[in-house]
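Asker: Input structure: my_file14.tsv, which contains TSV, C-alpha atoms and all ligand atoms.
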```tsv
chain	number	residue	atom	x	y	z
A	1	MET	CA	48.61	28.14	40.40
A	2	LYS	CA	45.92	25.64	39.41
A	3	ARG	CA	43.15	26.47	36.99
A	4	ILE	CA	40.29	24.05	37.49
A	5	GLY	CA	37.20	23.61	35.34
A	6	MET	CA	34.32	21.91	37.10
A	7	LEU	CA	31.03	20.52	35.83
A	8	THR	CA	28.15	18.26	36.86
A	9	SER	CA	26.51	16.23	34.11
A	10	GLY	CA	23.57	13.84	33.73
A	11	GLY	CA	20.65	13.43	36.13
A	12	ASP	CA	21.32	15.24	39.38
A	13	CYS	CA	21.41	13.62	42.81
A	14	GLN	CA	21.99	14.56	46.40
A	15	ALA	CA	25.51	15.50	47.59
A	16	LEU	CA	26.81	16.90	44.30
A	17	ASN	CA	27.37	20.20	46.08
A	18	ALA	CA	28.98	18.46	49.05
A	19	ALA	CA	31.43	16.71	46.71
A	20	MET	CA	32.37	19.95	44.89
A	21	ARG	CA	32.78	21.68	48.23
A	22	GLY	CA	35.13	18.86	49.27
A	23	VAL	CA	37.30	19.39	46.18
A	24	VAL	CA	37.42	23.16	46.55
A	25	LYS	CA	38.05	23.19	50.32
A	26	THR	CA	40.97	20.82	49.83
A	27	LEU	CA	42.46	22.98	47.08
A	28	VAL	CA	41.84	26.30	48.80
A	29	GLY	CA	43.30	24.94	52.04
A	30	SER	CA	46.56	24.04	50.28
A	31	LYS	CA	49.44	26.36	49.45
A	32	GLU	CA	48.43	26.45	45.77
A	33	GLN	CA	46.62	29.41	44.32
A	34	VAL	CA	43.42	28.24	42.67
A	35	GLU	CA	41.17	29.59	39.93
A	36	ILE	CA	37.85	27.80	39.50
A	37	TYR	CA	35.75	27.87	36.35
A	38	GLY	CA	32.29	26.44	36.96
A	39	PHE	CA	30.80	25.25	33.65
A	40	LEU	CA	27.03	25.56	33.60
A	41	ASP	CA	24.58	22.76	32.84
A	42	GLY	CA	27.05	19.95	32.34
A	43	TYR	CA	29.08	19.39	29.18
A	44	LYS	CA	26.94	22.03	27.45
A	45	GLY	CA	28.76	24.69	29.48
A	46	LEU	CA	32.12	23.36	28.31
A	47	ILE	CA	30.98	23.04	24.68
A	48	TYR	CA	29.45	26.51	24.45
A	49	SER	CA	31.84	28.25	26.83
A	50	ARG	CA	29.21	29.07	29.42
A	51	PHE	CA	30.92	29.33	32.78
A	52	GLN	CA	31.21	31.35	35.96
A	53	MET	CA	34.39	32.13	37.79
A	54	LEU	CA	33.97	30.92	41.33
A	55	THR	CA	35.88	31.31	44.58
A	56	GLY	CA	36.03	29.28	47.76
A	57	LYS	CA	33.20	31.40	49.12
A	58	ASP	CA	30.79	30.10	46.47
A	59	PHE	CA	31.22	26.64	47.93
A	60	SER	CA	30.43	27.72	51.48
A	61	GLY	CA	27.07	26.79	52.96
A	62	ILE	CA	26.27	24.19	50.30
A	63	LEU	CA	27.12	20.99	52.18
A	64	THR	CA	23.47	20.26	52.93
A	65	LYS	CA	21.99	21.66	49.73
A	66	GLY	CA	20.46	19.23	47.21
A	67	GLY	CA	20.80	19.60	43.42
A	68	THR	CA	23.87	21.24	41.93
A	69	ILE	CA	24.89	24.89	42.08
A	70	LEU	CA	26.30	24.51	38.53
A	71	GLY	CA	23.14	23.12	36.96
A	72	THR	CA	23.20	19.96	34.89
A	73	SER	CA	21.86	18.47	31.67
A	74	ARG	CA	22.06	15.27	29.73
A	75	THR	CA	24.51	15.32	26.81
A	76	PRO	CA	24.29	11.74	25.51
A	77	PHE	CA	27.61	10.05	24.76
A	78	LYS	CA	25.96	8.37	21.77
A	79	THR	CA	25.87	11.68	19.90
A	80	ILE	CA	28.81	13.52	21.46
A	81	GLN	CA	30.91	13.00	18.35
A	82	ASP	CA	28.15	14.19	16.00
A	83	PRO	CA	28.12	17.87	15.05
A	84	ASP	CA	25.44	20.01	16.77
A	85	GLU	CA	22.57	21.62	14.82
A	86	ASN	CA	24.93	24.39	13.66
A	87	GLY	CA	27.64	22.00	12.55
A	88	LEU	CA	29.83	22.55	15.62
A	89	ASN	CA	32.21	19.73	16.50
A	90	LYS	CA	31.39	19.34	20.21
A	91	VAL	CA	34.52	17.44	21.22
A	92	GLU	CA	36.77	19.98	19.47
A	93	ALA	CA	34.80	22.82	21.07
A	94	MET	CA	35.37	21.35	24.55
A	95	LYS	CA	39.08	20.98	23.85
A	96	GLN	CA	39.38	24.51	22.51
A	97	ASN	CA	37.63	26.00	25.54
A	98	TYR	CA	39.85	23.98	27.86
A	99	TYR	CA	42.99	25.26	26.16
A	100	LYS	CA	41.69	28.84	25.77
A	101	LEU	CA	41.14	29.08	29.52
A	102	GLN	CA	44.51	27.40	30.09
A	103	LEU	CA	42.96	24.90	32.44
A	104	ASP	CA	45.13	22.44	34.33
A	105	CYS	CA	42.30	19.96	34.62
A	106	LEU	CA	38.59	19.27	34.57
A	107	VAL	CA	36.72	17.93	37.59
A	108	ILE	CA	33.71	16.07	36.26
A	109	LEU	CA	30.92	14.74	38.46
A	110	GLY	CA	28.61	12.25	36.85
A	111	GLY	CA	27.32	8.76	36.24
A	112	ASN	CA	27.76	6.24	33.45
A	113	GLY	CA	27.28	8.38	30.34
A	114	THR	CA	29.27	11.23	31.86
A	115	HIS	CA	32.20	8.89	32.48
A	116	LYS	CA	32.25	7.74	28.87
A	117	THR	CA	32.62	11.35	27.71
A	118	ALA	CA	35.16	12.08	30.46
A	119	ASN	CA	37.23	9.14	29.26
A	120	LEU	CA	36.98	10.39	25.68
A	121	LEU	CA	38.29	13.79	26.77
A	122	ARG	CA	41.12	12.04	28.61
A	123	LYS	CA	41.99	10.15	25.44
A	124	GLU	CA	41.96	13.47	23.59
A	125	GLY	CA	44.69	14.67	25.93
A	126	LEU	CA	42.80	16.64	28.59
A	127	ASN	CA	43.53	16.22	32.29
A	128	VAL	CA	40.44	14.81	33.95
A	129	VAL	CA	39.47	13.79	37.47
A	130	THR	CA	35.98	12.41	38.02
A	131	LEU	CA	33.62	11.77	40.92
A	132	PRO	CA	30.93	9.06	40.92
A	133	LYS	CA	27.44	10.41	41.41
A	134	THR	CA	24.13	8.67	40.83
A	135	ILE	CA	21.21	7.39	42.83
A	136	ASP	CA	21.41	4.21	40.71
A	137	ASN	CA	24.77	3.03	42.17
A	138	ASP	CA	25.53	1.43	38.82
A	139	LEU	CA	29.02	2.80	38.20
A	140	TRP	CA	31.75	0.27	37.71
A	141	GLY	CA	34.88	0.66	39.85
A	142	THR	CA	33.23	1.86	43.04
A	143	ASP	CA	31.19	-0.03	45.61
A	144	MET	CA	29.10	3.06	46.16
A	145	THR	CA	28.16	6.29	44.43
A	146	PHE	CA	27.05	9.39	46.28
A	147	GLY	CA	23.35	10.14	46.08
A	148	PHE	CA	22.57	6.46	46.45
A	149	GLN	CA	22.12	6.38	50.24
A	150	SER	CA	19.96	9.52	50.21
A	151	ALA	CA	17.74	7.97	47.54
A	152	VAL	CA	17.53	4.72	49.54
A	153	ASP	CA	16.25	6.81	52.49
A	154	ILE	CA	13.56	8.47	50.37
A	155	ALA	CA	12.41	5.28	48.65
A	156	THR	CA	12.34	3.54	52.04
A	157	ASP	CA	10.20	6.34	53.47
A	158	ALA	CA	7.78	5.85	50.59
A	159	ILE	CA	7.53	2.11	51.32
A	160	ASP	CA	7.11	2.82	55.06
A	161	CYS	CA	4.21	5.17	54.36
A	162	ILE	CA	2.58	2.67	52.02
A	163	HIS	CA	2.88	-0.04	54.66
A	164	THR	CA	0.38	1.54	57.03
A	165	THR	CA	-2.26	2.22	54.40
A	166	ALA	CA	-1.76	-1.19	52.77
A	167	ALA	CA	-2.26	-2.86	56.15
A	168	SER	CA	-5.48	-0.92	56.83
A	169	HIS	CA	-7.05	-1.80	53.49
A	170	GLY	CA	-5.64	-5.27	52.97
A	171	ARG	CA	-4.45	-4.33	49.50
A	172	VAL	CA	-1.53	-5.28	47.32
A	173	PHE	CA	0.68	-2.23	46.90
A	174	ILE	CA	3.44	-1.70	44.36
A	175	VAL	CA	6.08	0.95	44.96
A	176	GLU	CA	8.09	1.68	41.83
A	177	VAL	CA	11.68	2.61	42.57
A	178	MET	CA	14.15	4.34	40.23
A	179	GLY	CA	17.51	2.83	39.29
A	180	HIS	CA	17.51	2.74	35.50
A	181	LYS	CA	18.78	-0.68	34.35
A	182	VAL	CA	19.85	-1.98	37.77
A	183	GLY	CA	18.17	-2.91	41.03
A	184	TRP	CA	20.49	-1.55	43.76
A	185	LEU	CA	18.07	1.11	44.94
A	186	THR	CA	15.05	-1.19	44.86
A	187	LEU	CA	16.84	-4.03	46.63
A	188	ASN	CA	18.12	-1.80	49.42
A	189	ALA	CA	14.95	0.26	49.88
A	190	GLY	CA	12.86	-2.89	49.55
A	191	MET	CA	14.79	-4.67	52.28
A	192	ALA	CA	14.85	-1.56	54.49
A	193	GLY	CA	11.10	-1.06	54.06
A	194	GLY	CA	10.23	-4.70	54.66
A	195	ALA	CA	8.87	-5.36	51.16
A	196	ASP	CA	7.51	-8.87	50.67
A	197	ILE	CA	8.42	-9.09	46.98
A	198	ILE	CA	11.29	-7.30	45.22
A	199	LEU	CA	11.47	-7.25	41.43
A	200	ILE	CA	14.78	-6.14	39.89
A	201	PRO	CA	16.11	-6.18	36.32
A	202	GLU	CA	18.89	-8.62	37.21
A	203	ILE	CA	16.35	-11.30	38.21
A	204	PRO	CA	13.57	-11.52	35.60
A	205	TYR	CA	10.25	-12.28	37.29
A	206	ASP	CA	7.56	-14.84	36.68
A	207	ILE	CA	4.17	-13.28	37.41
A	208	ASP	CA	2.82	-16.62	38.68
A	209	LYS	CA	5.59	-16.75	41.29
A	210	VAL	CA	4.69	-13.22	42.36
A	211	ILE	CA	1.09	-14.32	42.78
A	212	ASP	CA	2.16	-17.47	44.68
A	213	LYS	CA	3.86	-15.23	47.24
A	214	ILE	CA	0.78	-13.01	47.61
A	215	GLU	CA	-1.41	-16.09	48.13
A	216	GLU	CA	1.04	-17.62	50.57
A	217	ARG	CA	0.84	-14.42	52.63
A	218	ASP	CA	-2.95	-14.51	52.44
A	219	LYS	CA	-3.01	-18.04	53.77
A	220	ARG	CA	-0.78	-17.00	56.66
A	221	GLY	CA	-3.30	-14.29	57.53
A	222	SER	CA	-1.31	-11.28	56.24
A	223	ARG	CA	-3.91	-9.01	54.72
A	224	PHE	CA	-1.59	-7.07	52.47
A	225	THR	CA	1.50	-7.40	50.31
A	226	ILE	CA	4.11	-4.79	49.46
A	227	ILE	CA	5.99	-5.19	46.19
A	228	ALA	CA	9.04	-3.02	45.46
A	229	VAL	CA	9.45	-2.92	41.69
A	230	ALA	CA	12.52	-1.47	40.01
A	231	GLU	CA	11.64	0.77	37.07
A	232	GLY	CA	13.81	-1.53	34.93
A	233	ALA	CA	12.28	-4.82	36.16
A	234	ILE	CA	11.49	-7.26	33.41
A	235	SER	CA	9.43	-10.46	33.11
A	236	LYS	CA	10.99	-13.78	32.15
A	237	GLU	CA	9.18	-13.72	28.80
A	238	ASP	CA	10.38	-10.21	27.98
A	239	ALA	CA	13.93	-11.02	29.03
A	240	ARG	CA	13.95	-13.71	26.34
A	241	LEU	CA	13.16	-11.17	23.60
A	242	SER	CA	15.89	-9.55	21.54
A	243	LYS	CA	16.53	-5.85	22.19
A	244	LYS	CA	14.65	-4.99	18.99
A	245	GLU	CA	11.65	-7.20	19.83
A	246	TYR	CA	11.46	-5.79	23.36
A	247	LYS	CA	11.56	-2.21	22.06
A	248	LYS	CA	8.75	-3.03	19.65
A	249	LYS	CA	6.71	-4.56	22.47
A	250	LEU	CA	7.19	-1.45	24.62
A	251	GLU	CA	5.96	0.78	21.78
A	252	LYS	CA	2.62	-1.05	21.83
A	253	ASN	CA	2.53	-1.40	25.62
A	254	PRO	CA	-0.51	0.42	27.10
A	255	TYR	CA	1.12	0.71	30.53
A	256	PRO	CA	3.12	3.78	31.58
A	257	SER	CA	5.68	1.58	33.33
A	258	VAL	CA	6.40	-2.00	34.38
A	259	SER	CA	4.65	-1.53	37.75
A	260	TYR	CA	1.33	-0.91	36.07
A	261	GLU	CA	1.84	-3.99	33.94
A	262	VAL	CA	2.55	-6.10	37.05
A	263	ALA	CA	-0.46	-4.54	38.81
A	264	ALA	CA	-2.79	-5.31	35.89
A	265	ALA	CA	-1.59	-8.91	35.71
A	266	ILE	CA	-2.13	-9.48	39.45
A	267	GLN	CA	-5.54	-7.82	39.32
A	268	LYS	CA	-6.59	-9.92	36.33
A	269	LYS	CA	-5.32	-13.24	37.68
A	270	THR	CA	-6.44	-12.85	41.32
A	271	GLY	CA	-9.20	-10.24	41.35
A	272	ARG	CA	-7.30	-8.42	44.12
A	273	GLU	CA	-7.19	-4.67	44.52
A	274	VAL	CA	-3.74	-3.41	43.54
A	275	ARG	CA	-2.43	0.13	43.84
A	276	VAL	CA	0.74	1.61	42.35
A	277	THR	CA	2.83	4.39	43.88
A	278	VAL	CA	5.66	6.03	41.97
A	279	PRO	CA	7.86	8.32	44.10
A	280	GLY	CA	9.77	9.23	40.90
A	281	HIS	CA	12.12	12.18	41.04
A	282	THR	CA	11.52	12.78	44.75
A	283	GLN	CA	14.18	10.06	45.09
A	284	ARG	CA	16.76	12.44	43.63
A	285	GLY	CA	15.61	15.50	45.50
A	286	GLY	CA	16.14	17.27	48.78
A	287	SER	CA	19.09	17.35	51.14
A	288	PRO	CA	21.75	14.66	51.09
A	289	CYS	CA	21.54	12.30	54.06
A	290	PRO	CA	24.40	12.56	56.62
A	291	TYR	CA	26.08	9.47	55.15
A	292	ASP	CA	26.22	11.04	51.69
A	293	ARG	CA	27.48	14.35	53.08
A	294	VAL	CA	30.45	12.61	54.67
A	295	PHE	CA	30.97	10.23	51.78
A	296	ALA	CA	30.87	12.89	49.03
A	297	SER	CA	33.14	15.16	51.10
A	298	ARG	CA	35.70	12.36	51.43
A	299	LEU	CA	35.66	11.60	47.71
A	300	GLY	CA	35.82	15.31	46.89
A	301	SER	CA	38.82	15.85	49.10
A	302	GLU	CA	40.63	12.91	47.45
A	303	ALA	CA	39.91	14.51	44.06
A	304	GLY	CA	41.49	17.71	45.40
A	305	LYS	CA	44.54	15.71	46.48
A	306	LEU	CA	44.85	14.16	43.01
A	307	ILE	CA	44.92	17.63	41.47
A	308	LEU	CA	47.52	18.86	43.93
A	309	GLU	CA	49.65	15.85	43.01
A	310	ASP	CA	49.08	16.39	39.26
A	311	GLN	CA	47.58	12.92	39.00
A	312	TYR	CA	44.97	12.78	36.28
A	313	GLY	CA	42.84	10.25	34.44
A	314	PHE	CA	41.24	8.83	37.59
A	315	MET	CA	37.81	8.46	39.08
A	316	VAL	CA	37.78	8.63	42.87
A	317	GLY	CA	35.94	5.52	44.02
A	318	TYR	CA	35.22	3.54	47.16
A	319	VAL	CA	36.25	-0.10	47.35
A	320	ASN	CA	36.19	-2.29	50.47
A	321	ARG	CA	35.55	0.78	52.61
A	322	GLU	CA	38.59	2.61	51.30
A	323	VAL	CA	38.69	5.70	49.09
A	324	VAL	CA	40.59	4.64	45.97
A	325	ARG	CA	41.82	6.02	42.64
A	326	VAL	CA	40.44	4.06	39.71
A	327	PRO	CA	41.84	4.57	36.18
A	328	LEU	CA	39.10	6.10	34.03
A	329	GLU	CA	39.55	3.60	31.22
A	330	GLU	CA	38.55	0.84	33.65
A	331	VAL	CA	35.31	2.62	34.55
A	332	ALA	CA	33.98	3.99	31.27
A	333	GLY	CA	31.31	2.01	29.50
A	334	LYS	CA	30.80	-0.64	32.17
A	335	LEU	CA	27.66	-1.17	34.20
A	336	LYS	CA	27.74	-2.45	37.78
A	337	SER	CA	24.68	-4.60	38.26
A	338	ILE	CA	23.60	-6.97	41.03
A	339	ASP	CA	24.85	-10.53	40.81
A	340	PRO	CA	21.71	-12.68	41.26
A	341	ASP	CA	23.88	-14.99	43.40
A	342	ALA	CA	25.21	-12.17	45.60
A	343	SER	CA	25.02	-12.78	49.34
A	344	ILE	CA	22.58	-9.89	49.84
A	345	VAL	CA	20.13	-11.62	47.48
A	346	LYS	CA	20.56	-14.94	49.29
A	347	GLU	CA	20.06	-13.23	52.66
A	348	ALA	CA	16.95	-11.46	51.40
A	349	LYS	CA	15.55	-14.83	50.29
A	350	LEU	CA	16.28	-16.28	53.75
A	351	LEU	CA	14.24	-13.43	55.18
A	352	GLY	CA	11.33	-14.66	53.10
A	353	ILE	CA	11.51	-12.02	50.40
A	354	SER	CA	10.43	-13.28	46.98
A	355	PHE	CA	12.17	-12.11	43.82
A	356	GLY	CA	9.39	-13.58	41.71
A	357	ASN	CA	11.66	-16.20	40.22
B	1	LIG	O1	20.17	7.98	36.52
B	1	LIG	C1	19.39	8.57	37.50
B	1	LIG	C2	17.94	8.46	37.16
B	1	LIG	O2	17.18	9.08	38.18
B	1	LIG	C3	17.43	7.04	36.91
B	1	LIG	O3	17.19	6.35	38.11
B	1	LIG	C4	16.21	7.30	36.09
B	1	LIG	O4	15.92	6.21	35.25
B	1	LIG	C5	16.61	8.49	35.27
B	1	LIG	O5	17.66	9.12	35.96
B	1	LIG	C6	15.52	9.50	35.03
B	1	LIG	O6	16.00	10.44	34.13
B	1	LIG	P1	15.36	11.86	33.86
B	1	LIG	O7	15.62	12.71	35.05
B	1	LIG	O8	16.06	12.34	32.65
B	1	LIG	O9	13.90	11.64	33.68
```
Can you dump the structure from the file as C-alpha cells?
Ligand code: F6P
Answerer:
Amino acid sequence: MKRIGMLTSGGDCQALNAAMRGVVKTLVGSKEQVEIYGFLDGYKGLIYSRFQMLTGKDFSGILTKGGTILGTSRTPFKTIQDPDENGLNKVEAMKQNYYKLQLDCLVILGGNGTHKTANLLRKEGLNVVTLPKTIDNDLWGTDMTFGFQSAVDIATDAIDCIHTTAASHGRVFIVEVMGHKVGWLTLNAGMAGGADIILIPEIPYDIDKVIDKIEERDKRGSRFTIIAVAEGAISKEDARLSKKEYKKKLEKNPYPSVSYEVAAAIQKKTGREVRVTVPGHTQRGGSPCPYDRVFASRLGSEAGKLILEDQYGFMVGYVNREVVRVPLEEVAGKLKSIDPDASIVKEAKLLGISFGN
C-alpha cells in the first residue's frame, strides 16, 4: 500500500493535470494499492490540512485540461520558516500532517520557489518526489519544464497576430512576454514569430542599438518592426545598478512595465508610433499543447516509477532528450538562465535578429 500526498504550488501552467494523471495512472496500473491525498491550493493545503481523498477516476479526462484540479497558490520560500499570523510553525505543521496521514511520500509539482520548499521538507526527513512545471523554463537540472511549450505557442500566436496589423500600419510593435527573470519564452516565441528585435534579461539592451535596428529596417523598406520584450528585460544602465538602486528606480518609474519604458524611449528619440501588447496570463492559460501533454505524461509516469521503487528526494527532469532523476539538492535555489553565448543566440543573430546590444 502506498499513501501519496500530492500538491501543485506556485503560478499554474498548462499540463499540470496531465503530469498528475501520469503519476496516478502509473501507480494505479501497478500491483500496489494506492491512496491519494490531494492537498488543495499548494503548500497551504499541507500546512492547514486541507485535502481531498482522490481515486484514479478523479484523474480521468484531465489530460487536456489547463490549470490544476488541486488549485494552487504562492507560499513564498522566503517566509516559509516564519510563523503564520496565528503563530503556527508552517514547516512543523506540514510535517505533522504528513505523519498524521501516514503518507509514504509527497508528489510536489512546481517551479523554483516550490523546489526550495520541497528540498527543505526533504531535509526535514519527508519523502519527496517533484515534477518541474513552469512556463518560464528556468528550473535548474532539466532542459525543459512542462507548460513552457504551450506558453511558447500562445506567445507566438500573439506575435503572429501583431505582425499583420503592424505591417498594415507601418508601426513599431512591442509584444511583452512573460518569463520572470529569464528570457527562454521570449527568445523562443520571438524566433518562432519572426520578431526583428528580442530583448531578454540575460542580454541587457542599449536603446540606441534598438533604434539602429528599427532604422536599418526602415532603410531597407520594411515599414514595421516587431520587438519581443521579456518582462524581465533590463537596459545596460539599469543592469549596472545595485539591486537596491534598481529597486529604488523602479519605485519611481512611471511605466507599468519595461515594454512601456522601451516604447516611450523609441517614441521620444524617433517620433515613431509605437504600440505595446501584453498577452500576460493568457500565456499560462488554456489547454496544454500536444507536446506538453506527452512530455508531462512521461515525467509523471517516471515519478510514479520512483514511488514504486521507494526512491525519494528526486526531481524528474529531462536532459539531452532523456527523462532523468535529478537529486533535489542539485535543483533547489538555482536558476537556469540563457547563456548569452549559447548557440541559439548566435543563430538568432545570424538570422538578423537584434538583441539590442
Ligand atoms: O512563473 C510563472 C509566471 O507566469 C511568470 O512568468 C510571471 O512573472 C509570474 O508567474 C506572474 O505571477 P502571478 O501569476 O503571481 O502574477
Asker: Could the residues that lie within 9 Å of ligand LIG 1 (chain B), counting all atoms listed in the file, be listed as a list in words?
Answerer: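 Listed by chain and ascending number, the contacts are Gly10, Gly11, Asp12, Cys13, Ser73, Arg74, Gly111, Asn112, Thr134, Ile135, Asp136, Asn137, Asp138, Val177, Met178, Gly179, His180, Lys181, Val182, Leu185, Glu231, Gly232, Gly280, His281, Gln283 and Arg284 of chain A.
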Asker: May I have the residues within 7 Å of A:Arg171 as a count of residues only, using only C-alpha atoms and disregarding those fewer than 5 positions away in the same chain?
Answerer: 5
Asker: Of the candidates A:Glu176, A:Asp143, A:Asp82, A:Glu202, which one gets nearest to A:Ala263 if we count only C-alpha atoms?
Answerer: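 Ranking A:Glu176, A:Asp143, A:Asp82, A:Glu202 by distance to A:Ala263, first place goes to A:Glu176.
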Asker: Could you check the closest approach to A:Tyr291 for each of A:Ser343, A:Thr64, A:Thr79, A:Thr270 and tell me which residue wins, using only C-alpha atoms?
Answerer: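 Ranking A:Ser343, A:Thr64, A:Thr79, A:Thr270 by distance to A:Tyr291, first place goes to A:Thr64.
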Asker: Of the candidates A:Val229, A:Ile197, A:Ile234, A:Val107, which shows the shortest atom-to-atom distance to A:Met315, using all atoms listed in the file?
Answerer: A:Val107
Asker: Which one of A:Leu40, A:Ala228, A:Leu199, A:Leu106 sits closest to A:His163 if you count all atoms listed in the file?
Answerer: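 Closest to A:His163 of all the choices is A:Ala228.
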Asker: Quick one: pull the distance between atom CA of A:Val34 and atom CA of A:Cys289, Å, one decimal.
Answerer: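 The value is 29.4 Å.
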Asker: Can you patch up stretch 140-160 of chain A, filling it in to N, CA and C atoms, and show the result as a PDB file, keeping the file's coordinate frame?
Answerer:
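Here's the written file part11.pdb:
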```pdb
ATOM      1  N   TRP A 140      30.690   1.258  37.553  1.00  0.00           N
ATOM      2  CA  TRP A 140      31.750   0.270  37.710  1.00  0.00           C
ATOM      3  C   TRP A 140      32.946   0.920  38.436  1.00  0.00           C
ATOM      4  N   GLY A 141      33.633   0.150  39.253  1.00  0.00           N
ATOM      5  CA  GLY A 141      34.880   0.660  39.850  1.00  0.00           C
ATOM      6  C   GLY A 141      34.705   1.272  41.215  1.00  0.00           C
ATOM      7  N   THR A 142      33.475   1.344  41.690  1.00  0.00           N
ATOM      8  CA  THR A 142      33.230   1.860  43.040  1.00  0.00           C
ATOM      9  C   THR A 142      32.093   1.060  43.668  1.00  0.00           C
ATOM     10  N   ASP A 143      32.265   0.715  44.937  1.00  0.00           N
ATOM     11  CA  ASP A 143      31.190  -0.030  45.610  1.00  0.00           C
ATOM     12  C   ASP A 143      29.966   0.854  45.809  1.00  0.00           C
ATOM     13  N   MET A 144      30.207   2.152  45.853  1.00  0.00           N
ATOM     14  CA  MET A 144      29.100   3.060  46.160  1.00  0.00           C
ATOM     15  C   MET A 144      29.268   4.383  45.418  1.00  0.00           C
ATOM     16  N   THR A 145      28.152   4.946  45.030  1.00  0.00           N
ATOM     17  CA  THR A 145      28.160   6.290  44.430  1.00  0.00           C
ATOM     18  C   THR A 145      27.465   7.222  45.411  1.00  0.00           C
ATOM     19  N   PHE A 146      27.811   8.510  45.380  1.00  0.00           N
ATOM     20  CA  PHE A 146      27.050   9.390  46.280  1.00  0.00           C
ATOM     21  C   PHE A 146      25.707   9.738  45.645  1.00  0.00           C
ATOM     22  N   GLY A 147      24.738   9.975  46.522  1.00  0.00           N
ATOM     23  CA  GLY A 147      23.350  10.140  46.080  1.00  0.00           C
ATOM     24  C   GLY A 147      22.563   8.871  46.360  1.00  0.00           C
ATOM     25  N   PHE A 148      23.254   7.741  46.301  1.00  0.00           N
ATOM     26  CA  PHE A 148      22.570   6.460  46.450  1.00  0.00           C
ATOM     27  C   PHE A 148      21.899   6.322  47.834  1.00  0.00           C
ATOM     28  N   GLN A 149      22.674   6.573  48.891  1.00  0.00           N
ATOM     29  CA  GLN A 149      22.120   6.380  50.240  1.00  0.00           C
ATOM     30  C   GLN A 149      20.939   7.325  50.504  1.00  0.00           C
ATOM     31  N   SER A 150      21.056   8.552  49.999  1.00  0.00           N
ATOM     32  CA  SER A 150      19.960   9.520  50.210  1.00  0.00           C
ATOM     33  C   SER A 150      18.702   9.023  49.503  1.00  0.00           C
ATOM     34  N   ALA A 151      18.896   8.473  48.299  1.00  0.00           N
ATOM     35  CA  ALA A 151      17.740   7.970  47.540  1.00  0.00           C
ATOM     36  C   ALA A 151      17.161   6.726  48.224  1.00  0.00           C
ATOM     37  N   VAL A 152      18.031   5.900  48.806  1.00  0.00           N
ATOM     38  CA  VAL A 152      17.530   4.720  49.540  1.00  0.00           C
ATOM     39  C   VAL A 152      16.626   5.215  50.681  1.00  0.00           C
ATOM     40  N   ASP A 153      17.058   6.263  51.368  1.00  0.00           N
ATOM     41  CA  ASP A 153      16.250   6.810  52.490  1.00  0.00           C
ATOM     42  C   ASP A 153      14.864   7.225  51.997  1.00  0.00           C
ATOM     43  N   ILE A 154      14.839   7.934  50.866  1.00  0.00           N
ATOM     44  CA  ILE A 154      13.560   8.470  50.370  1.00  0.00           C
ATOM     45  C   ILE A 154      12.652   7.329  49.885  1.00  0.00           C
ATOM     46  N   ALA A 155      13.228   6.398  49.147  1.00  0.00           N
ATOM     47  CA  ALA A 155      12.410   5.280  48.650  1.00  0.00           C
ATOM     48  C   ALA A 155      11.919   4.431  49.825  1.00  0.00           C
ATOM     49  N   THR A 156      12.759   4.304  50.849  1.00  0.00           N
ATOM     50  CA  THR A 156      12.340   3.540  52.040  1.00  0.00           C
ATOM     51  C   THR A 156      11.186   4.242  52.744  1.00  0.00           C
ATOM     52  N   ASP A 157      11.296   5.557  52.857  1.00  0.00           N
ATOM     53  CA  ASP A 157      10.200   6.340  53.470  1.00  0.00           C
ATOM     54  C   ASP A 157       8.898   6.092  52.736  1.00  0.00           C
ATOM     55  N   ALA A 158       8.988   6.069  51.405  1.00  0.00           N
ATOM     56  CA  ALA A 158       7.780   5.850  50.590  1.00  0.00           C
ATOM     57  C   ALA A 158       7.183   4.483  50.932  1.00  0.00           C
ATOM     58  N   ILE A 159       8.043   3.467  51.021  1.00  0.00           N
ATOM     59  CA  ILE A 159       7.530   2.110  51.320  1.00  0.00           C
ATOM     60  C   ILE A 159       6.942   2.089  52.744  1.00  0.00           C
ATOM     61  N   ASP A 160       7.621   2.766  53.680  1.00  0.00           N
ATOM     62  CA  ASP A 160       7.110   2.820  55.060  1.00  0.00           C
ATOM     63  C   ASP A 160       5.695   3.412  55.099  1.00  0.00           C
TER      64      ASP A 160
END
```
